[in-house]
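Please read the structure below before turning to the comments.
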Amino acid sequence: MSEPLIPTPLKTSRFKVPGEGNSAAISVVTVVLLFGLWALVTQMGWIKPLFLPKPQAVFQQFTEYLTGAANDKPLWDHFAASLSRVFSAFALACLTAVPVGIAMGMSRVARGIFDPPIEFYRPLPPLAYLPLIIIWFGIDEFPKVFLIYLSCFAPLALAARSGMKSATQEQINAAYSMGASYSQVIRHVILPSALPEILVGMRIAIGFGWTTLVAAEMVAANVGLGQMVLNASNFLRTDIVIMGIVVIGVVAYLFDLLMRAVERRLVPWKGRV
């Protein structure tokens, strides 16, 4: 008679998810190498300054704009205008898209109402419906904010909708078995489970907001980082264009770091077993 099969114990996996601290040094080295490569190719004259100026030229423009010595508005004026537009649109999107996403995750009626328009316009680039926004709302401040708002709304609503499915049926049944009401289950079980995905959706939404900034400030803007970049590109001032791009990228990255810190504070259990 053959011996019975005895299941072998599962080996503990040695795979470890790398922490953010482990990759910080690698990121710093990568940035330094990229700047070094940029300085090398421009210093050796391999690329003409019209296409890629030297880092010194870009830093000089940054200094002139920062001190108000440039033949344009100071950098702080452009920065304040763009920041106001992006964060006004982002705050409005958070106040409207999150409830819409929660409603879509909980109700078939809400999903049937909001899903078609969101899925229709979500893949469209902002420049596609920018002319309509100008025709409908003119060229004041509202269409600029509204265009950024539309780019933030869809990813935030879809993230909130997806997050509503994060709570397991066991968690919901356990809450009901302890006497929780329907509203208490939503407040204390479903919403906390959905919060990690909502926060990720906020990070994605603010990224879309910054990428839409240049398109939004094409609408008769006379101040703003996007307007500064567009105006410099018309005069082939590549150094100012790159300086504006770097400023926009750095600001967006700093806000993303802030959102990560908020995420660690509000949902410390995320990613832990």
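Note on naming: chains are A, B, ... as they come in the structure tokens, residues start from 1 per chain, ligands start from 1 in the order shown.
Within 10 Å of range 166-169 of chain A there are Arg161, Ser162, Gly163, Ile172, Asn173, Ala174, Ala175, Ile186, Val189, Ile190, Leu191, Pro192, Ser193, Ala194, Leu195, Pro196 and Glu197 of chain A, counting only C-alpha atoms and ignoring same-chain residues fewer than 3 positions away.
The neighbours of range 220-235 of chain A here are the residues that come within 8 Å of it, using only C-alpha atoms and leaving out any residue fewer than 2 positions away in the same chain; they are Lys73, Asp77, His78, Phe79, Ala80, Ala81, Ser82, Ile139, Asp140, Leu213, Val214, Ala215, Ala216, Glu217, Met218, Arg237, Thr238, Ile240, Val241, Gly244, Ile245 and Ile248 of chain A.
Shell of range 55-57 of chain A at 8 Å, with only C-alpha atoms counted and residues fewer than 3 places along the chain excluded, is Phe35, Trp38, Ala39, Gln60, Gln61 and Asp239 of chain A.
Between Val247 in chain A and the candidates A:Val145, A:Val200, A:Leu75, A:Leu127, the tightest atom-to-atom separation, counting only C-alpha atoms, involves A:Leu75.
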To one decimal in Å, tell me the separation between CA of Ala205 in chain A and CA of Cys152 in chain A. 4.4 Å
